[in-house]
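Asker: Sharing a structure here in structure tokens format.
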2 protein chains.
Amino acid sequence: MKGGLVSDSGKVLLSERRPTPRTEGGDAVVAAISDFIGHLAAAGDGEPAGVGLAVPGLVSEHAAIYATNLGWRDVPASAFTTLDIPVMLGHDVRTGGLAESVLGAGRDVADFLFLPIGTGIAGATVIRGEPYGGSSGWAGEIGHTPVFPDGEQCACGQLGCLETYASAASVGRRYSQRAGLEGVRAEQVVTSDDPIAIEIWDEAVEALSLALATYTLLLDPSAIVLGGGLAEAGPALFDPVRTRLVKRLAFRDAPPLLPAALGVDAGMLGAALLGWRAAGRPELGPGWDVDVRSAPLVS
Amino acid sequence: MKGGLVSDSGKVLLSERRPTPRTEGGDAVVAAISDFIGHLAAAGDGEPAGVGLAVPGLVSEHAAIYATNLGWRDVPASAFTTLDIPVMLGHDVRTGGLAESVLGAGRDVADFLFLPIGTGIAGATVIRGEPYGGSSGWAGEIGHTPVFPDGEQCACGQLGCLETYASAASVGRRYSQRAGLEGVRAEQVVTSDDPIAIEIWDEAVEALSLALATYTLLLDPSAIVLGGGLAEAGPALFDPVRTRLVKRLAFRDAPPLLPAALGVDAGMLGAALLGWRAAGRPELGPGWDVDVRSAPLVS
């Protein structure tokens with residue numbers, strides 16, 4: 001997990017990583033986060049005004065309602081720190097989307113899709129500047145939309161999901177299987193001239209184009225912001241997806257495809273925005289000029 | 001076109017139909033609407049407080065920006081009446097969605113899809129009670145999302161669009177073609193035991209299930225409200241679509257499929273809500289108890 005201390009002028013005063021003790025159970029993860037927050041708070045000048053947390057699963061501002069992989073059920077926001085300061089929670093992908101909306105690639109538009117493509121694929125639909133979680137917090141599962149109705153079975157149990165063709169993990173896995181090799185990584189597939197690699201990457205691009213065409217027709221975004229490890233492939237991703245997306249759309253223009261601007265810091269910066277909202281300062285953010293670290297090639 | 005006079009307590013005082021003079025050009029249609037409004041206004045007790053209009057194409061509250069089939073380009077709201085009363089425009093499908101949201105099947109939920117299935121298919125995404133038009137007013141084209149990536153060519157030029165399999169017009173057309181008959185209508189196909197009819201209807205149901213699974217995963221609606229002529233097929237539509245939708249979703253529940261409540265009056269009632277908004281009375285609507293006429297079997 002990542003954590004940081006961000007000033008009211010958007011200066012990242014401190015940013016650190018710690019291992020997440022998943023194997024020790026949900027309470028241990030909560031305790032580790034609380035300890036991490038205490039450590040970050042102690043490093044600052046006085047007590048922080050608020051805490052923002054980006055967490056996976058089903059989440060409201062006030063509680064981590066459900067997260068299978070962390071073993072959480074209805075953990076209230078206050079459980080994450082022993083300090084007497086307000087805490088606001090956000091969904092991990094949507095918190096990254098909030099940061100891209102306020103500080104990053106979506107800064108100049110109000111309605112866009114933030115789509116990080118990493119080990120998995122999930123998106124944040126940003127509407128009028130704010131990420132939209134749906135009726136109950138489960139929106140954004142674009143990675144599990146059925147792009148190929150009779151396609152391969154996804155680990156989720158459904159058929160032909162976008163994620164099972166186009167995530168970094170899937171591109172690596174599908175190439176390795178088809179080529180009879182082991183552990184080939186997505187970035188190697190993307191840049192390879194091997195016919196099997198070209199085929200696998202082509203299928204990933206086609207899956208992405210279909211999902212983005214559907215998104216565009218349904219929600220008419222001003223832009224599509226691609227992030228995550230796979231977006232680091234740059235033109236090898238953007239160029240063919242753009243071409244195919246245009247081709248899939250007959251009666252309307254394709255929205256521009258933009259690279260995410262905040263890289264691996266999107267979640268932490270979004271959490272900082274939530275922390276300032278928790279502190280009663282929702283106006284902070286738009287004026288910030290953040291210093292962004294680069295992301296790894298494929299994560 | 002349909003028009004009516006609706007009181008501030010939601011009473012439909014008068015409702016009429018008139019032919020739309022499409023062949024005479026855009027100005028003639030505007031003039032016909034203006035004449036219709038004058039007629040309706042004269043029939044009431046004093047001058048109306050406001051006018052609401054549901055129109056196709058690209059539309060803002062203040063102008064009909066673009067409508068190919070009517071030949072409109074940047075027609076200001078004020079052009080639609082010679083009376084000195086405020087006018088508010090809305091997109092046709094989204095105005096129906098607004099009515100279903102405030103007065104109809106979506107009355108008890110805030111986030112849902114309104115999907116009228118008629119000659120064509122377009123949807124209204126209702127978010128926090130209000131239809132969402134996207135970044136520029138082109139949202140809701142669910143009928144042209146590519147449900148079968150290598151499917152049949154749609155009249156729009158794209159491949160495998162939902163509409164080309166599942167609209168009432170397409171169900172009739174596809175059956176007629178495959179059976180070598182002429183002019184068979186969708187409602188005959190839906191209820192037929194003919195193996196070709198079963199096949200065509202099955203493909204329509206599959207296309208709908210795919211589009212609704214994608215919508216559900218992306219936007220997590222509280223409900224899906226099916227309307228239009230084809231929804232009059234009742235259980236013959238709802239039952240198989242529900243079963244397939246559940247089957248397509250592995251890790252989340254399917255939202256309930258509800259029949260639209262306002263039938264052919266949805267657009268007019270939504271326009272009435274817009275008219276009262278134009279008159280500065282946005283609070284009107286939720287308390288109304290409307291009297292709804294039934295819709296035709298398949299339109």
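Ligands are numbered from 1 in the order shown, residues from 1 within each chain, and chains are lettered A, B, ... in the order they appear in the structure tokens.
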Pull the closest atom pair for each residue of chain A that gets at most 9 Å from chain B, along with the distance in Å to one decimal, counting only C-alpha atoms, ordering rows by chain and then ascending residue number, as JSON lines.
Answerer:
{"residue": "A:Val109", "atom": "CA", "partner": "B:Ser135", "partner_atom": "CA", "distance": 8.7}
{"residue": "A:Ala110", "atom": "CA", "partner": "B:Ser135", "partner_atom": "CA", "distance": 7.4}
{"residue": "A:Asp111", "atom": "CA", "partner": "B:Ser135", "partner_atom": "CA", "distance": 5.6}
{"residue": "A:Phe112", "atom": "CA", "partner": "B:Ser135", "partner_atom": "CA", "distance": 8.1}
{"residue": "A:Gly123", "atom": "CA", "partner": "B:Leu218", "partner_atom": "CA", "distance": 8.3}
{"residue": "A:Thr125", "atom": "CA", "partner": "B:Leu218", "partner_atom": "CA", "distance": 8.3}
{"residue": "A:Ile127", "atom": "CA", "partner": "B:Gly134", "partner_atom": "CA", "distance": 8.0}
{"residue": "A:Arg128", "atom": "CA", "partner": "B:Ser135", "partner_atom": "CA", "distance": 8.5}
{"residue": "A:Tyr132", "atom": "CA", "partner": "B:Leu219", "partner_atom": "CA", "distance": 8.3}
{"residue": "A:Gly133", "atom": "CA", "partner": "B:Leu219", "partner_atom": "CA", "distance": 7.5}
{"residue": "A:Gly134", "atom": "CA", "partner": "B:Asp220", "partner_atom": "CA", "distance": 4.8}
{"residue": "A:Ser135", "atom": "CA", "partner": "B:Pro221", "partner_atom": "CA", "distance": 5.4}
{"residue": "A:Ser136", "atom": "CA", "partner": "B:Asp220", "partner_atom": "CA", "distance": 6.9}
{"residue": "A:Gly137", "atom": "CA", "partner": "B:Asp220", "partner_atom": "CA", "distance": 7.4}
{"residue": "A:Trp138", "atom": "CA", "partner": "B:Asp220", "partner_atom": "CA", "distance": 5.7}
{"residue": "A:Ala139", "atom": "CA", "partner": "B:Leu219", "partner_atom": "CA", "distance": 4.6}
{"residue": "A:Gly140", "atom": "CA", "partner": "B:Leu218", "partner_atom": "CA", "distance": 4.7}
{"residue": "A:Glu141", "atom": "CA", "partner": "B:Leu217", "partner_atom": "CA", "distance": 5.0}
{"residue": "A:Ile142", "atom": "CA", "partner": "B:Leu218", "partner_atom": "CA", "distance": 5.4}
{"residue": "A:Gly143", "atom": "CA", "partner": "B:Leu217", "partner_atom": "CA", "distance": 8.7}
{"residue": "A:His144", "atom": "CA", "partner": "B:Leu217", "partner_atom": "CA", "distance": 7.0}
{"residue": "A:Thr145", "atom": "CA", "partner": "B:Thr214", "partner_atom": "CA", "distance": 4.9}
{"residue": "A:Pro146", "atom": "CA", "partner": "B:Thr214", "partner_atom": "CA", "distance": 6.6}
{"residue": "A:Val147", "atom": "CA", "partner": "B:Val147", "partner_atom": "CA", "distance": 7.4}
{"residue": "A:Phe148", "atom": "CA", "partner": "B:Pro149", "partner_atom": "CA", "distance": 6.9}
{"residue": "A:Pro149", "atom": "CA", "partner": "B:Phe148", "partner_atom": "CA", "distance": 6.9}
{"residue": "A:Cys156", "atom": "CA", "partner": "B:Ala250", "partner_atom": "CA", "distance": 6.5}
{"residue": "A:Gly157", "atom": "CA", "partner": "B:Ala250", "partner_atom": "CA", "distance": 5.6}
{"residue": "A:Gln158", "atom": "CA", "partner": "B:Ala250", "partner_atom": "CA", "distance": 5.7}
{"residue": "A:Leu159", "atom": "CA", "partner": "B:Arg248", "partner_atom": "CA", "distance": 7.6}
{"residue": "A:Leu210", "atom": "CA", "partner": "B:Pro146", "partner_atom": "CA", "distance": 7.0}
{"residue": "A:Ala211", "atom": "CA", "partner": "B:Pro146", "partner_atom": "CA", "distance": 8.8}
{"residue": "A:Ala213", "atom": "CA", "partner": "B:Thr145", "partner_atom": "CA", "distance": 7.1}
{"residue": "A:Thr214", "atom": "CA", "partner": "B:Thr145", "partner_atom": "CA", "distance": 4.9}
{"residue": "A:Tyr215", "atom": "CA", "partner": "B:Thr145", "partner_atom": "CA", "distance": 8.3}
{"residue": "A:Thr216", "atom": "CA", "partner": "B:Ala139", "partner_atom": "CA", "distance": 7.7}
{"residue": "A:Leu217", "atom": "CA", "partner": "B:Glu141", "partner_atom": "CA", "distance": 5.0}
{"residue": "A:Leu218", "atom": "CA", "partner": "B:Gly140", "partner_atom": "CA", "distance": 4.7}
{"residue": "A:Leu219", "atom": "CA", "partner": "B:Ala139", "partner_atom": "CA", "distance": 4.6}
{"residue": "A:Asp220", "atom": "CA", "partner": "B:Ala139", "partner_atom": "CA", "distance": 4.7}
{"residue": "A:Pro221", "atom": "CA", "partner": "B:Ser135", "partner_atom": "CA", "distance": 5.4}
{"residue": "A:Ser222", "atom": "CA", "partner": "B:Ser135", "partner_atom": "CA", "distance": 5.6}
{"residue": "A:Lys247", "atom": "CA", "partner": "B:Gln158", "partner_atom": "CA", "distance": 8.4}
{"residue": "A:Arg248", "atom": "CA", "partner": "B:Gln158", "partner_atom": "CA", "distance": 6.3}
{"residue": "A:Leu249", "atom": "CA", "partner": "B:Gln158", "partner_atom": "CA", "distance": 6.6}
{"residue": "A:Ala250", "atom": "CA", "partner": "B:Gly157", "partner_atom": "CA", "distance": 5.6}
{"residue": "A:Phe251", "atom": "CA", "partner": "B:Cys156", "partner_atom": "CA", "distance": 6.7}
{"residue": "A:Arg252", "atom": "CA", "partner": "B:Trp138", "partner_atom": "CA", "distance": 8.6}
Asker: Using only C-alpha atoms, which protein or nucleic acid residues come within 10 Å of Ala67 (chain A)? Drop anything in the same chain fewer than 3 positions from it, and give the result as a PyMOL selection string.
Answerer: chain A and resi 26+55-59+64+70-75
Asker: Convert the current residue selection to file output with N, CA and C atoms, as a PDB file, in the first residue's frame.
Answerer:
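Ended up saving to part19.pdb:
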ATOM      1  N   GLY A  26      -8.327  -9.480   7.686  1.00  0.00           N
ATOM      2  CA  GLY A  26      -8.865  -8.125   7.539  1.00  0.00           C
ATOM      3  C   GLY A  26      -8.490  -7.175   8.666  1.00  0.00           C
ATOM      4  N   VAL A  55      -9.821   2.482  -1.192  1.00  0.00           N
ATOM      5  CA  VAL A  55      -9.858   1.052  -0.878  1.00  0.00           C
ATOM      6  C   VAL A  55     -10.640   0.280  -1.946  1.00  0.00           C
ATOM      7  N   PRO A  56     -10.360  -1.025  -2.064  1.00  0.00           N
ATOM      8  CA  PRO A  56     -11.074  -1.816  -3.089  1.00  0.00           C
ATOM      9  C   PRO A  56     -12.442  -2.278  -2.588  1.00  0.00           C
ATOM     10  N   GLY A  57     -13.207  -2.835  -3.501  1.00  0.00           N
ATOM     11  CA  GLY A  57     -14.490  -3.448  -3.132  1.00  0.00           C
ATOM     12  C   GLY A  57     -15.636  -2.468  -3.120  1.00  0.00           C
ATOM     13  N   LEU A  58     -16.590  -2.758  -2.257  1.00  0.00           N
ATOM     14  CA  LEU A  58     -17.777  -1.908  -2.136  1.00  0.00           C
ATOM     15  C   LEU A  58     -17.520  -0.929  -1.006  1.00  0.00           C
ATOM     16  N   VAL A  59     -17.663   0.370  -1.298  1.00  0.00           N
ATOM     17  CA  VAL A  59     -17.242   1.366  -0.323  1.00  0.00           C
ATOM     18  C   VAL A  59     -18.149   2.590  -0.373  1.00  0.00           C
ATOM     19  N   ALA A  64     -15.908   0.876   4.662  1.00  0.00           N
ATOM     20  CA  ALA A  64     -15.488  -0.140   3.692  1.00  0.00           C
ATOM     21  C   ALA A  64     -16.486  -1.274   3.868  1.00  0.00           C
ATOM     22  N   LEU A  70      -9.585  -8.583   0.950  1.00  0.00           N
ATOM     23  CA  LEU A  70      -9.019  -8.100   2.215  1.00  0.00           C
ATOM     24  C   LEU A  70      -9.800  -8.627   3.422  1.00  0.00           C
ATOM     25  N   GLY A  71     -10.890  -9.343   3.168  1.00  0.00           N
ATOM     26  CA  GLY A  71     -11.674  -9.885   4.279  1.00  0.00           C
ATOM     27  C   GLY A  71     -12.424  -8.822   5.074  1.00  0.00           C
ATOM     28  N   TRP A  72     -12.810  -7.740   4.410  1.00  0.00           N
ATOM     29  CA  TRP A  72     -13.509  -6.657   5.114  1.00  0.00           C
ATOM     30  C   TRP A  72     -15.009  -6.752   4.952  1.00  0.00           C
ATOM     31  N   ARG A  73     -15.709  -6.413   6.018  1.00  0.00           N
ATOM     32  CA  ARG A  73     -17.173  -6.286   5.995  1.00  0.00           C
ATOM     33  C   ARG A  73     -17.565  -5.167   6.934  1.00  0.00           C
ATOM     34  N   ASP A  74     -18.137  -4.123   6.398  1.00  0.00           N
ATOM     35  CA  ASP A  74     -18.626  -3.000   7.213  1.00  0.00           C
ATOM     36  C   ASP A  74     -17.595  -2.459   8.202  1.00  0.00           C
ATOM     37  N   VAL A  75     -16.439  -2.114   7.676  1.00  0.00           N
ATOM     38  CA  VAL A  75     -15.425  -1.481   8.522  1.00  0.00           C
ATOM     39  C   VAL A  75     -15.664   0.033   8.471  1.00  0.00           C
TER      40      VAL A  75
END
Asker: Residues of region 118-265 of chain A classed as strand (DSSP E) by DSSP on the backbone are to be reported as a list in words.
Answerer: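 Selecting the strand (DSSP E) positions of region 118-265 of chain A gives Ala124, Thr125, Val126, Ile127, Glu130, Pro131, Tyr132, Ala223, Ile224, Val225, Leu226, Gly227, Leu257, Leu258 and Pro259 of chain A.
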Asker: I need the residue nearest Gly52 (chain B) from this list: B:Asp202, B:Glu24, B:Glu152, B:Asp92. Use only C-alpha atoms for the distance.
Answerer: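 Selected residue with least distance to Gly52 (chain B): B:Asp92.
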Asker: Extract the full set of alpha helix (DSSP H) residues from region 101-171 of chain A according to DSSP on the backbone, and format it as a count of residues only.
Answerer: 11
Asker: Please determine, counting only C-alpha atoms, which residue among B:Ala236, B:Ala166, B:Val205, B:Ala54 has the shortest atom-to-atom distance to Thr191 (chain B).
Answerer: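 Ranking B:Ala236, B:Ala166, B:Val205, B:Ala54 by distance to Thr191 (chain B), first place goes to B:Ala236.
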